[in-house]
$ cat query.cif   # mmCIF, C-alpha atoms and all ligand atoms
data_query
loop_
_atom_site.label_atom_id
_atom_site.label_comp_id
_atom_site.auth_asym_id
_atom_site.auth_seq_id
_atom_site.Cartn_x
_atom_site.Cartn_y
_atom_site.Cartn_z
CA MET A 1 0.00 0.00 0.00
CA LYS A 2 0.94 3.64 -0.35
CA ALA A 3 1.93 5.44 2.85
CA ALA A 4 3.66 8.62 3.96
CA VAL A 5 6.65 7.32 5.91
CA LEU A 6 9.50 8.72 7.95
CA HIS A 7 12.95 7.09 7.88
CA ARG A 8 14.00 9.33 10.75
CA PHE A 9 12.34 11.98 12.92
CA GLY A 10 12.64 15.62 11.87
CA GLY A 11 10.92 18.33 9.84
CA PRO A 12 8.12 18.03 7.26
CA GLU A 13 10.73 17.37 4.54
CA GLU A 14 11.41 13.94 6.09
CA PHE A 15 8.10 12.52 4.75
CA GLN A 16 8.35 10.22 1.73
CA ILE A 17 5.56 8.47 -0.15
CA GLU A 18 6.47 4.79 -0.42
CA GLN A 19 5.00 1.33 -0.86
CA VAL A 20 4.85 -0.67 2.39
CA PRO A 21 3.04 -3.92 3.33
CA VAL A 22 -0.67 -3.66 4.24
CA PRO A 23 -0.94 -4.22 8.03
CA GLN A 24 -2.76 -7.34 9.23
CA ALA A 25 -5.72 -7.08 11.61
CA ALA A 26 -5.04 -9.10 14.81
CA SER A 27 -7.91 -10.95 16.52
CA ASN A 28 -9.13 -7.82 18.35
CA GLU A 29 -8.55 -5.42 15.43
CA VAL A 30 -10.20 -4.32 12.20
CA LEU A 31 -8.53 -3.29 8.94
CA ILE A 32 -9.83 0.04 7.58
CA LYS A 33 -9.45 1.20 3.99
CA LEU A 34 -8.97 4.91 4.66
CA GLN A 35 -10.46 7.75 2.62
CA TYR A 36 -9.18 10.59 4.79
CA SER A 37 -6.71 11.08 7.63
CA ALA A 38 -6.59 14.03 10.00
CA VAL A 39 -3.35 15.99 10.20
CA SER A 40 -3.29 17.04 13.83
CA THR A 41 -1.23 19.45 15.90
CA TRP A 42 0.22 16.63 18.03
CA ASP A 43 1.40 14.86 14.84
CA ALA A 44 4.11 17.54 14.50
CA PHE A 45 5.46 16.63 17.97
CA GLU A 46 5.42 12.94 17.01
CA ARG A 47 7.18 13.71 13.68
CA GLN A 48 9.98 15.40 15.61
CA GLY A 49 10.39 12.33 17.84
CA GLY A 50 8.87 14.10 20.84
CA TYR A 51 6.68 11.21 22.03
CA ALA A 52 9.39 8.60 21.39
CA GLU A 53 11.73 10.55 23.66
CA MET A 54 9.13 11.45 26.27
CA LEU A 55 7.78 7.89 26.57
CA GLY A 56 11.12 6.11 26.09
CA MET A 57 9.83 4.24 23.02
CA GLN A 58 12.02 2.45 20.48
CA PRO A 59 10.55 3.63 17.17
CA ILE A 60 10.55 1.25 14.20
CA PHE A 61 11.30 2.86 10.82
CA PRO A 62 9.81 3.28 8.30
CA TYR A 63 7.41 5.01 10.68
CA ILE A 64 3.83 5.92 9.70
CA LEU A 65 2.20 8.84 11.55
CA GLY A 66 -1.48 9.68 11.86
CA SER A 67 -3.83 9.00 14.76
CA GLU A 68 -7.25 9.65 13.21
CA GLY A 69 -9.06 8.79 10.03
CA ALA A 70 -12.22 7.54 8.37
CA GLY A 71 -12.96 4.83 5.82
CA THR A 72 -14.49 1.38 5.29
CA ILE A 73 -13.90 -1.89 7.14
CA VAL A 74 -12.29 -4.44 4.81
CA ASP A 75 -11.14 -7.12 7.29
CA ILE A 76 -12.21 -8.11 10.80
CA GLY A 77 -10.27 -9.97 13.52
CA LYS A 78 -11.92 -13.18 14.78
CA ASP A 79 -12.79 -11.76 18.22
CA VAL A 80 -14.50 -8.60 16.89
CA ALA A 81 -18.30 -8.93 16.84
CA GLU A 82 -19.51 -5.33 16.63
CA PHE A 83 -18.61 -4.53 13.00
CA LYS A 84 -19.24 -6.03 9.57
CA LEU A 85 -17.36 -5.71 6.28
CA GLY A 86 -18.25 -2.49 4.47
CA ASP A 87 -19.13 -0.50 7.60
CA SER A 88 -18.24 3.22 7.35
CA VAL A 89 -16.20 3.98 10.44
CA TYR A 90 -14.02 6.59 12.08
CA THR A 91 -11.09 5.90 14.34
CA ALA A 92 -8.79 7.63 16.80
CA SER A 93 -5.89 5.81 18.41
CA PHE A 94 -2.58 7.07 19.62
CA LEU A 95 0.89 5.74 18.70
CA ASN A 96 -0.57 2.65 16.99
CA ALA A 97 2.18 0.00 16.82
CA ASN A 98 0.73 -1.23 13.47
CA GLY A 99 1.36 2.19 11.92
CA GLY A 100 -0.86 5.26 11.67
CA THR A 101 -3.44 6.71 9.31
CA TYR A 102 -1.19 8.48 6.78
CA ALA A 103 -1.67 5.39 4.59
CA GLU A 104 -4.17 3.52 2.43
CA TYR A 105 -4.97 1.09 5.26
CA VAL A 106 -4.76 1.04 9.05
CA ALA A 107 -5.18 -1.96 11.39
CA VAL A 108 -6.56 -0.75 14.68
CA GLY A 109 -8.09 -2.16 17.89
CA ALA A 110 -11.90 -2.36 17.63
CA GLU A 111 -12.24 -0.29 20.83
CA TYR A 112 -10.79 2.69 18.93
CA VAL A 113 -13.30 2.40 16.07
CA SER A 114 -16.91 3.55 15.83
CA LEU A 115 -19.63 3.75 13.18
CA ILE A 116 -19.80 7.24 11.67
CA PRO A 117 -22.84 9.05 13.11
CA LYS A 118 -25.38 10.00 10.44
CA PRO A 119 -24.92 13.77 10.27
CA LEU A 120 -21.20 13.46 9.47
CA GLY A 121 -19.63 13.02 6.06
CA MET A 122 -16.51 10.87 5.87
CA LYS A 123 -14.31 13.93 5.45
CA GLU A 124 -15.56 15.52 8.67
CA ALA A 125 -15.54 12.17 10.49
CA SER A 126 -11.81 11.79 9.84
CA ALA A 127 -11.00 14.94 11.81
CA ILE A 128 -13.52 15.19 14.63
CA LEU A 129 -12.54 12.47 17.10
CA GLY A 130 -9.21 13.59 18.53
CA VAL A 131 -10.28 17.17 19.10
CA GLY A 132 -13.86 16.24 20.01
CA ILE A 133 -12.76 13.74 22.65
CA THR A 134 -10.22 16.18 24.08
CA ALA A 135 -12.85 18.93 24.30
CA LEU A 136 -15.49 16.64 25.80
CA ARG A 137 -13.15 15.13 28.39
CA GLY A 138 -12.05 18.59 29.43
CA LEU A 139 -15.58 19.94 29.82
CA GLU A 140 -17.36 16.93 31.36
CA ASN A 141 -14.73 14.80 33.09
CA VAL A 142 -12.24 17.45 34.23
CA LEU A 143 -14.22 20.68 34.66
CA ASN A 144 -17.56 19.02 35.44
CA LEU A 145 -19.21 21.93 33.62
CA GLN A 146 -22.76 22.62 34.80
CA LYS A 147 -25.75 24.15 33.06
CA GLY A 148 -25.88 27.91 33.64
CA GLU A 149 -22.16 28.26 34.45
CA THR A 150 -19.85 30.62 32.58
CA ILE A 151 -16.85 29.18 30.75
CA LEU A 152 -13.99 30.98 29.06
CA ILE A 153 -12.50 29.06 26.12
CA LEU A 154 -9.10 30.23 24.86
CA GLY A 155 -8.07 29.04 21.40
CA ALA A 156 -11.76 28.82 20.48
CA SER A 157 -11.17 28.69 16.71
CA GLY A 158 -8.55 25.92 16.93
CA GLY A 159 -9.19 22.19 16.68
CA VAL A 160 -10.06 21.43 20.31
CA GLY A 161 -11.42 24.93 20.93
CA HIS A 162 -14.04 24.99 18.19
CA MET A 163 -15.36 21.64 19.39
CA ALA A 164 -15.36 22.87 22.99
CA VAL A 165 -17.45 25.99 22.28
CA GLN A 166 -20.14 23.89 20.58
CA LEU A 167 -20.20 21.23 23.30
CA ALA A 168 -20.20 23.75 26.16
CA LYS A 169 -23.14 25.57 24.58
CA LEU A 170 -25.03 22.28 24.23
CA MET A 171 -24.35 21.61 27.93
CA GLY A 172 -26.16 24.85 28.72
CA ALA A 173 -23.13 26.92 29.72
CA GLU A 174 -22.60 30.55 28.82
CA VAL A 175 -19.54 30.59 26.54
CA ILE A 176 -17.00 33.42 26.32
CA ALA A 177 -14.76 32.53 23.40
CA VAL A 178 -11.28 33.84 22.61
CA ALA A 179 -10.54 33.06 18.97
CA SER A 180 -7.57 33.81 16.71
CA GLY A 181 -7.90 36.44 13.97
CA ASP A 182 -10.97 37.75 12.16
CA ASP A 183 -11.45 34.38 10.44
CA GLY A 184 -11.38 32.63 13.80
CA VAL A 185 -13.91 35.09 15.27
CA ASN A 186 -16.19 34.53 12.24
CA LEU A 187 -16.00 30.76 12.57
CA VAL A 188 -16.91 30.82 16.26
CA GLN A 189 -19.78 33.23 15.62
CA GLN A 190 -21.05 30.93 12.87
CA LEU A 191 -21.04 28.14 15.45
CA GLY A 192 -23.60 30.14 17.43
CA ILE A 193 -21.40 31.81 20.04
CA GLU A 194 -22.18 35.49 20.63
CA LYS A 195 -19.43 36.54 23.05
CA VAL A 196 -16.26 36.23 20.98
CA VAL A 197 -13.04 38.23 21.23
CA ASN A 198 -10.05 38.18 18.89
CA GLY A 199 -7.27 37.10 21.25
CA ARG A 200 -4.65 38.27 18.78
CA SER A 201 -5.86 41.90 18.97
CA GLU A 202 -3.94 44.41 21.08
CA ASN A 203 -6.57 45.10 23.73
CA ALA A 204 -7.89 41.52 23.92
CA LEU A 205 -7.61 41.30 27.72
CA GLU A 206 -9.63 44.49 28.24
CA GLN A 207 -12.32 43.29 25.80
CA ILE A 208 -12.60 39.96 27.61
CA LYS A 209 -12.70 41.63 31.04
CA ALA A 210 -15.54 43.85 29.85
CA LEU A 211 -17.56 40.76 28.90
CA VAL A 212 -17.09 39.09 32.30
CA PRO A 213 -16.91 41.81 34.96
CA HIS A 214 -17.61 39.23 37.71
CA GLY A 215 -15.18 36.61 36.38
CA VAL A 216 -15.98 33.11 35.09
CA ASP A 217 -16.76 29.80 36.81
CA SER A 218 -14.36 27.80 34.66
CA ALA A 219 -11.92 28.02 31.78
CA LEU A 220 -10.54 25.66 29.12
CA PHE A 221 -7.19 26.74 27.71
CA THR A 222 -6.20 25.18 24.39
CA ALA A 223 -3.42 27.74 23.97
CA GLY A 224 -0.87 29.08 26.43
CA GLY A 225 1.24 32.23 26.46
CA LYS A 226 0.86 35.64 28.07
CA LEU A 227 -2.89 35.97 27.44
CA ALA A 228 -3.57 32.59 29.06
CA GLN A 229 -1.50 33.65 32.06
CA ASP A 230 -3.46 36.91 32.40
CA LEU A 231 -6.81 35.15 31.94
CA LEU A 232 -6.18 32.92 34.97
CA GLU A 233 -7.04 35.97 37.05
CA LEU A 234 -10.54 36.13 35.60
CA VAL A 235 -11.48 32.77 37.09
CA ARG A 236 -13.61 33.25 40.21
CA ASN A 237 -12.63 32.13 43.70
CA GLU A 238 -12.79 28.28 43.81
CA GLY A 239 -13.27 28.19 40.03
CA ARG A 240 -11.79 25.49 37.75
CA VAL A 241 -9.30 25.59 34.87
CA ALA A 242 -8.39 22.72 32.55
CA TYR A 243 -5.84 22.44 29.77
CA PRO A 244 -4.74 19.47 27.63
CA ASN A 245 -1.11 18.44 28.11
CA GLY A 246 0.90 20.12 25.37
CA VAL A 247 -0.41 23.60 26.18
CA GLN A 248 2.38 25.69 27.71
CA LEU A 249 0.94 27.21 30.86
CA ASP A 250 2.69 28.38 34.02
CA VAL A 251 0.15 27.34 36.64
CA ASN A 252 1.81 29.22 39.50
CA THR A 253 -0.95 31.50 40.71
CA THR A 254 -1.93 32.85 44.09
CA ALA A 255 -5.62 32.64 43.14
CA ASN A 256 -7.77 30.05 44.92
CA ILE A 257 -8.60 28.03 41.81
CA LYS A 258 -8.17 24.40 40.75
CA VAL A 259 -5.97 23.98 37.65
CA SER A 260 -5.87 20.52 35.98
CA ALA A 261 -3.84 19.23 33.04
CA TYR A 262 -5.27 16.20 31.25
CA ASN A 263 -5.05 13.98 28.15
CA GLY A 264 -7.77 13.32 25.57
CA GLU A 265 -7.37 9.51 25.78
CA PRO A 266 -9.54 8.00 23.05
CA GLU A 267 -11.49 4.93 24.24
CA GLY A 268 -14.90 3.41 23.65
CA GLU A 269 -16.95 5.11 26.35
CA ILE A 270 -16.00 8.67 25.44
CA MET A 271 -16.22 7.94 21.70
CA ALA A 272 -19.81 6.79 22.26
CA ARG A 273 -20.54 9.89 24.35
CA LEU A 274 -19.17 12.16 21.63
CA SER A 275 -21.10 10.26 18.94
CA ARG A 276 -24.34 11.01 20.83
CA TYR A 277 -23.58 14.75 20.75
CA ILE A 278 -22.77 14.51 17.03
CA GLU A 279 -26.05 12.66 16.38
CA SER A 280 -27.89 15.64 17.87
CA GLU A 281 -26.79 17.42 14.66
CA ALA A 282 -25.57 20.38 16.72
CA VAL A 283 -21.83 19.59 16.64
CA THR A 284 -19.66 19.76 13.59
CA VAL A 285 -16.00 20.08 12.66
CA HIS A 286 -14.57 22.78 10.42
CA ILE A 287 -12.10 21.56 7.81
CA ALA A 288 -9.78 24.48 7.03
CA LYS A 289 -7.97 22.73 4.19
CA LYS A 290 -7.77 19.33 2.52
CA PHE A 291 -4.47 18.18 1.06
CA GLN A 292 -3.75 14.90 -0.72
CA LEU A 293 -1.56 12.31 1.01
CA GLU A 294 1.14 13.06 -1.56
CA GLU A 295 1.14 16.68 -0.26
CA ILE A 296 1.87 15.63 3.32
CA GLN A 297 4.97 17.84 3.54
CA ALA A 298 2.85 20.90 2.67
CA ALA A 299 0.16 19.80 5.14
CA HIS A 300 2.73 19.65 7.94
CA LYS A 301 4.14 23.04 6.97
CA ALA A 302 0.56 24.39 7.20
CA LEU A 303 0.27 22.94 10.73
CA ALA A 304 2.88 25.44 11.86
CA GLY A 305 0.92 28.40 10.42
CA HIS A 306 -2.45 29.99 11.13
CA TYR A 307 -5.74 28.26 10.25
CA SER A 308 -9.08 27.63 11.95
CA GLY A 309 -10.40 24.14 12.73
CA LYS A 310 -8.61 21.14 11.26
CA LEU A 311 -6.39 20.00 8.39
CA ILE A 312 -6.87 16.66 6.64
CA VAL A 313 -5.41 14.61 3.77
CA GLY A 314 -7.44 12.71 1.18
CA ILE A 315 -6.17 9.23 0.28
CA ASP A 316 -6.59 7.99 -3.29
CA HIS A 317 -6.41 4.22 -3.77
CA GLU A 318 -4.49 2.75 -6.68
N1 LIG B 401 -2.80 15.81 25.72
C1 LIG B 401 -3.74 15.54 24.84
O1 LIG B 401 -4.38 14.47 24.87
C2 LIG B 401 -4.05 16.56 23.76
C3 LIG B 401 -5.03 16.29 22.82
C4 LIG B 401 -5.33 17.28 21.88
C5 LIG B 401 -4.64 18.48 21.89
N2 LIG B 401 -3.66 18.67 22.82
C6 LIG B 401 -2.94 19.94 22.89
O2 LIG B 401 -3.91 20.96 23.02
C7 LIG B 401 -3.48 22.12 22.31
C8 LIG B 401 -4.54 22.52 21.32
O3 LIG B 401 -4.64 21.53 20.31
P1 LIG B 401 -5.38 21.88 18.96
O4 LIG B 401 -5.25 20.67 18.11
O5 LIG B 401 -6.69 22.44 19.23
O6 LIG B 401 -4.39 23.02 18.41
P2 LIG B 401 -4.75 24.24 17.45
O7 LIG B 401 -5.71 23.78 16.43
O8 LIG B 401 -3.45 24.84 17.03
O9 LIG B 401 -5.52 25.24 18.42
C9 LIG B 401 -4.93 26.20 19.24
C10 LIG B 401 -5.55 27.50 18.85
O10 LIG B 401 -5.20 28.51 19.79
C11 LIG B 401 -5.05 29.70 19.06
N3 LIG B 401 -4.39 30.72 19.85
C12 LIG B 401 -3.10 30.78 20.26
N4 LIG B 401 -2.90 31.91 20.97
C13 LIG B 401 -4.08 32.59 20.97
C14 LIG B 401 -4.51 33.81 21.51
N5 LIG B 401 -3.69 34.61 22.20
N6 LIG B 401 -5.79 34.19 21.31
C15 LIG B 401 -6.64 33.41 20.63
N7 LIG B 401 -6.29 32.23 20.09
C16 LIG B 401 -5.02 31.83 20.27
C17 LIG B 401 -4.31 29.26 17.83
O11 LIG B 401 -4.38 30.23 16.80
P3 LIG B 401 -3.15 30.66 15.84
O12 LIG B 401 -3.53 30.14 14.51
O13 LIG B 401 -3.13 32.13 15.91
O14 LIG B 401 -1.90 30.04 16.39
C18 LIG B 401 -5.10 28.00 17.48
O15 LIG B 401 -6.25 28.34 16.73
C19 LIG B 401 -2.13 21.76 21.67
O16 LIG B 401 -1.11 22.20 22.54
C20 LIG B 401 -2.17 20.24 21.61
O17 LIG B 401 -0.90 19.68 21.64
C21 LIG B 401 -3.36 17.74 23.75
#
$ encode --input "query.cif" --output "C-alpha cells" --more "lines below"
Ligand SMILES: NC(=O)c1ccc[n+]([C@@H]2O[C@H](COP(=O)([O-])OP(=O)(O)OC[C@H]3O[C@@H](n4cnc5c(N)ncnc54)[C@H](OP(=O)(O)O)[C@@H]3O)[C@@H](O)[C@H]2O)c1
Amino acid sequence: MKAAVLHRFGGPEEFQIEQVPVPQAASNEVLIKLQYSAVSTWDAFERQGGYAEMLGMQPIFPYILGSEGAGTIVDIGKDVAEFKLGDSVYTASFLNANGGTYAEYVAVGAEYVSLIPKPLGMKEASAILGVGITALRGLENVLNLQKGETILILGASGGVGHMAVQLAKLMGAEVIAVASGDDGVNLVQQLGIEKVVNGRSENALEQIKALVPHGVDSALFTAGGKLAQDLLELVRNEGRVAYPNGVQLDVNTTANIKVSAYNGEPEGEIMARLSRYIESEAVTVHIAKKFQLEEIQAAHKALAGHYSGKLIVGIDHE
C-alpha cells in the first residue's frame, strides 16, 4: 500500500511516499481502507520524535504517523463482533504500533473504532474524534461543567477549541470565546457563540474583562502564552481551569482556583458519548484545508501556520 513514511524523525521534509506492506488485523482489530486522515497538531510533535523521547519508546522505521481517520472496514479480527465488512467507520488511536493513518490502510483495535454518526460526512468524520474527545473530556470529566455556568475558552477557533465551544453551549453553559484572527472570530460566531473576542488583537484582555466583569466559573485553555496567564485571574474564587497536556501554561498563581492538566485519551466510552452529541446534529467540525496524502509535507508546513479548525489529507487508492 501507499503510505507517507519517515525514515528518521525531523521536519516536514522527512516525509516520503512509499509502498509498504498492508498491516494485518489481529484478533481484536479491524482493517480500515482509509479515505481521509486528519493531520493534527500533536502529529508535529510525534514527527519530531517528541513522544518517542518522552515515553522512552524504540521507534521502528519506516514510521507511519497519523492518529485519526475515516474509511471502510475491509477485514475483521476473529474476536470482533460489533462490525461487519463495508461499515463506514471513524477511528482515533494514539501511537498505533501497526502504523498510523497516513496510509491507504490502518489496522486498529476495535475499541478505537466507531460507526460514523449519520450527520457526518466521511471527510468531517476523519477529523472530529481527537479534538472532540479532548474537548469533551475537558468539559465533562475534568471541569464538570454545569448548566448555567460561565466558561472561558481560549483558542476557540482551533481544533479542540471549536469543538469545545459547541459542546459547552449544548451543555447549557454561557460561553465566552477567545478566537484567533478575524477568520477565527467569524468561525466561532457561525457556530452560534455570541461573546467572541479576537485574542490576537492588542486590547484583547480588556475586551474579555468587559464581557465578564464578575469573572468566570471555569476556563478551558487550548493555547498558552501571556494571554492565558493573564486570563487565569478572571477565574472566580474556587473556580476550575483545565488544559490538555501540550499547552504551555505556568500554573503558578496565588488565586484560589483548581488547575488541571489532562489527556484526551480515546477509548470506547468517550467515543460513544461524543457520537451522541454529534447525532444531535448540533456539533460539527470545520475543515480548514484538505491536502492529498502526496502533499503531506505541505500539510505539515501548514500545521505550523495559522488556520481555523482542522487539516486533513485525502487518500486515493491505486
Ligand atoms: N494531551 C492531549 O491528549 C491533547 C489532545 C489534543 C490536543 N492537545 C494539545 O492541546 C493544544 C490545542 O490543540 P489543537 O489541536 O486544538 O491546536 P490548534 O488547532 O493549534 O488550536 C490552538 C488555537 O489557539 C489559538 N491561539 C493561540 N494563541 C491565541 C490567543 N492569544 N488568542 C486566541 N487564540 C489563540 C491558535 O491560533 P493561531 O492560529 O493564531 O496560532 C489556534 O487556533 C495543543 O497544545 C495540543 O498539543 C493535547
$ residues_near_ligand --input "query.cif" --ligand "ligand LIG 401 (chain B)" --cutoff "7 Å" --atoms "only C-alpha atoms and all ligand atoms" --output "mmCIF file with C-alpha atoms, in the coordinates of the input"
data_model
loop_
_atom_site.group_PDB
_atom_site.id
_atom_site.type_symbol
_atom_site.label_atom_id
_atom_site.label_comp_id
_atom_site.auth_asym_id
_atom_site.auth_seq_id
_atom_site.Cartn_x
_atom_site.Cartn_y
_atom_site.Cartn_z
ATOM 1 C CA SER A 40 -3.290 17.040 13.830
ATOM 2 C CA THR A 41 -1.230 19.450 15.900
ATOM 3 C CA TRP A 42 0.220 16.630 18.030
ATOM 4 C CA GLY A 130 -9.210 13.590 18.530
ATOM 5 C CA VAL A 131 -10.280 17.170 19.100
ATOM 6 C CA THR A 134 -10.220 16.180 24.080
ATOM 7 C CA LEU A 154 -9.100 30.230 24.860
ATOM 8 C CA GLY A 155 -8.070 29.040 21.400
ATOM 9 C CA ALA A 156 -11.760 28.820 20.480
ATOM 10 C CA SER A 157 -11.170 28.690 16.710
ATOM 11 C CA GLY A 158 -8.550 25.920 16.930
ATOM 12 C CA GLY A 159 -9.190 22.190 16.680
ATOM 13 C CA VAL A 160 -10.060 21.430 20.310
ATOM 14 C CA GLY A 161 -11.420 24.930 20.930
ATOM 15 C CA VAL A 178 -11.280 33.840 22.610
ATOM 16 C CA ALA A 179 -10.540 33.060 18.970
ATOM 17 C CA SER A 180 -7.570 33.810 16.710
ATOM 18 C CA GLY A 181 -7.900 36.440 13.970
ATOM 19 C CA ASN A 198 -10.050 38.180 18.890
ATOM 20 C CA GLY A 199 -7.270 37.100 21.250
ATOM 21 C CA ARG A 200 -4.650 38.270 18.780
ATOM 22 C CA THR A 222 -6.200 25.180 24.390
ATOM 23 C CA ALA A 223 -3.420 27.740 23.970
ATOM 24 C CA GLY A 224 -0.870 29.080 26.430
ATOM 25 C CA GLY A 225 1.240 32.230 26.460
ATOM 26 C CA LEU A 227 -2.890 35.970 27.440
ATOM 27 C CA PRO A 244 -4.740 19.470 27.630
ATOM 28 C CA ASN A 245 -1.110 18.440 28.110
ATOM 29 C CA GLY A 246 0.900 20.120 25.370
ATOM 30 C CA VAL A 247 -0.410 23.600 26.180
ATOM 31 C CA TYR A 262 -5.270 16.200 31.250
ATOM 32 C CA ASN A 263 -5.050 13.980 28.150
ATOM 33 C CA GLY A 264 -7.770 13.320 25.570
ATOM 34 C CA GLU A 265 -7.370 9.510 25.780
ATOM 35 C CA GLY A 305 0.920 28.400 10.420
ATOM 36 C CA HIS A 306 -2.450 29.990 11.130
ATOM 37 C CA TYR A 307 -5.740 28.260 10.250
ATOM 38 C CA SER A 308 -9.080 27.630 11.950
ATOM 39 C CA GLY A 309 -10.400 24.140 12.730
ATOM 40 C CA LYS A 310 -8.610 21.140 11.260
#
$ residues_near_point --input "query.cif" --point "(-3.7, 38.8, 30.9)" --cutoff "12 Å" --atoms "all atoms listed in the file" --output "ChimeraX atom specification"
/A:154,199,202-209,224-235
$ residues_around --input "query.cif" --residues "Asn96 (chain A)" --least-positions-apart "4" --cutoff "10 Å" --atoms "all atoms listed in the file" --output "list in words"
Ile64, Leu65, Gly66, Ser67, Ala92, Gly100, Thr101, Val106, Ala107, Val108 and Gly109 of chain A
$ residues_around --input "query.cif" --residues "Val196 (chain A)" --least-positions-apart "4" --cutoff "8 Å" --atoms "all atoms listed in the file" --output "ChimeraX atom specification"
/A:176-179,185,188-189
$ closest_residue --input "query.cif" --among "A:Ala219, A:Ser126, A:Pro119, A:Ser201" --to "Leu145 (chain A)" --atoms "only C-alpha atoms"
A:Ala219
$ closest_residue --input "query.cif" --among "A:Ala272, A:Gln248, A:Lys2, A:Ile60" --to "Glu104 (chain A)" --atoms "only C-alpha atoms"
A:Lys2
$ residues_around --input "query.cif" --residues "Lys33 (chain A)" --least-positions-apart "6" --cutoff "7 Å" --atoms "all atoms listed in the file" --output "list in words"
Gly71, Thr72, Ile73, Val74, Glu104, Tyr105 and Val106 of chain A
$ atom_distance --input "query.cif" --atom1 "CA of Val283 (chain A)" --atom2 "CA of Met163 (chain A)"
7.3 Å
$ residues_around --input "query.cif" --residues "Ala44 (chain A)" --least-positions-apart "4" --cutoff "8 Å" --atoms "all atoms listed in the file" --output "PyMOL selection string"
chain A and resi 40+48+300+303
$ residues_around --input "query.cif" --residues "Gln166 (chain A)" --least-positions-apart "4" --cutoff "8 Å" --atoms "all atoms listed in the file" --output "list in words"
His162, Leu170, Leu191, Gly192, Ala282 and Val283 of chain A
$ closest_residue --input "query.cif" --among "A:Asn98, A:Leu249, A:Phe291, A:Val197" --to "Gly184 (chain A)" --atoms "all atoms listed in the file"
A:Val197
$ closest_residue --input "query.cif" --among "A:Gln297, A:Ser88, A:Ser114, A:Ser260" --to "Ala4 (chain A)" --atoms "only C-alpha atoms"
A:Gln297
$ residues_near_point --input "query.cif" --point "(-9.8, 23.8, 3.0)" --cutoff "9 Å" --atoms "only C-alpha atoms" --output "ChimeraX atom specification"
/A:286-291,310-312
$ write_last_selection --input "query.cif" --atoms "C-alpha atoms" --output "JSON list (two decimals), in the coordinates of the input"
[["chain", "number", "residue", "atom", "x", "y", "z"],
["A", 286, "HIS", "CA", -14.57, 22.78, 10.42],
["A", 287, "ILE", "CA", -12.10, 21.56, 7.81],
["A", 288, "ALA", "CA", -9.78, 24.48, 7.03],
["A", 289, "LYS", "CA", -7.97, 22.73, 4.19],
["A", 290, "LYS", "CA", -7.77, 19.33, 2.52],
["A", 291, "PHE", "CA", -4.47, 18.18, 1.06],
["A", 310, "LYS", "CA", -8.61, 21.14, 11.26],
["A", 311, "LEU", "CA", -6.39, 20.00, 8.39],
["A", 312, "ILE", "CA", -6.87, 16.66, 6.64]]
$ closest_residue --input "query.cif" --among "A:Gln292, A:Val259, A:Lys84, A:Thr284" --to "Gln190 (chain A)" --atoms "all atoms listed in the file"
A:Thr284
$ build_atoms --input "query.cif" --residues "region 249-261 of chain A" --atoms "N, CA and C atoms" --output "PDB file, in the coordinates of the input"
ATOM      1  N   LEU A 249       1.585  26.330  29.898  1.00  0.00           N
ATOM      2  CA  LEU A 249       0.940  27.210  30.860  1.00  0.00           C
ATOM      3  C   LEU A 249       1.708  27.155  32.173  1.00  0.00           C
ATOM      4  N   ASP A 250       2.059  28.324  32.703  1.00  0.00           N
ATOM      5  CA  ASP A 250       2.690  28.380  34.020  1.00  0.00           C
ATOM      6  C   ASP A 250       1.552  28.473  35.034  1.00  0.00           C
ATOM      7  N   VAL A 251       1.340  27.397  35.776  1.00  0.00           N
ATOM      8  CA  VAL A 251       0.150  27.340  36.640  1.00  0.00           C
ATOM      9  C   VAL A 251       0.394  27.934  38.022  1.00  0.00           C
ATOM     10  N   ASN A 252       1.563  28.564  38.215  1.00  0.00           N
ATOM     11  CA  ASN A 252       1.810  29.220  39.500  1.00  0.00           C
ATOM     12  C   ASN A 252       0.913  30.444  39.622  1.00  0.00           C
ATOM     13  N   THR A 253      -0.050  30.371  40.502  1.00  0.00           N
ATOM     14  CA  THR A 253      -0.950  31.500  40.710  1.00  0.00           C
ATOM     15  C   THR A 253      -1.316  31.550  42.192  1.00  0.00           C
ATOM     16  N   THR A 254      -1.542  32.726  42.680  1.00  0.00           N
ATOM     17  CA  THR A 254      -1.930  32.850  44.090  1.00  0.00           C
ATOM     18  C   THR A 254      -3.451  32.722  44.219  1.00  0.00           C
ATOM     19  N   ALA A 255      -4.150  32.701  43.086  1.00  0.00           N
ATOM     20  CA  ALA A 255      -5.620  32.640  43.140  1.00  0.00           C
ATOM     21  C   ALA A 255      -6.064  31.284  43.696  1.00  0.00           C
ATOM     22  N   ASN A 256      -7.211  31.280  44.352  1.00  0.00           N
ATOM     23  CA  ASN A 256      -7.770  30.050  44.920  1.00  0.00           C
ATOM     24  C   ASN A 256      -8.610  29.338  43.861  1.00  0.00           C
ATOM     25  N   ILE A 257      -7.912  28.723  42.896  1.00  0.00           N
ATOM     26  CA  ILE A 257      -8.600  28.030  41.810  1.00  0.00           C
ATOM     27  C   ILE A 257      -7.955  26.657  41.623  1.00  0.00           C
ATOM     28  N   LYS A 258      -8.706  25.737  40.995  1.00  0.00           N
ATOM     29  CA  LYS A 258      -8.170  24.400  40.750  1.00  0.00           C
ATOM     30  C   LYS A 258      -7.746  24.321  39.280  1.00  0.00           C
ATOM     31  N   VAL A 259      -6.472  24.048  39.034  1.00  0.00           N
ATOM     32  CA  VAL A 259      -5.970  23.980  37.650  1.00  0.00           C
ATOM     33  C   VAL A 259      -5.564  22.537  37.350  1.00  0.00           C
ATOM     34  N   SER A 260      -6.142  21.940  36.298  1.00  0.00           N
ATOM     35  CA  SER A 260      -5.870  20.520  35.980  1.00  0.00           C
ATOM     36  C   SER A 260      -5.396  20.367  34.549  1.00  0.00           C
ATOM     37  N   ALA A 261      -4.290  19.633  34.378  1.00  0.00           N
ATOM     38  CA  ALA A 261      -3.840  19.230  33.040  1.00  0.00           C
ATOM     39  C   ALA A 261      -4.378  17.822  32.779  1.00  0.00           C
TER      40      ALA A 261
END
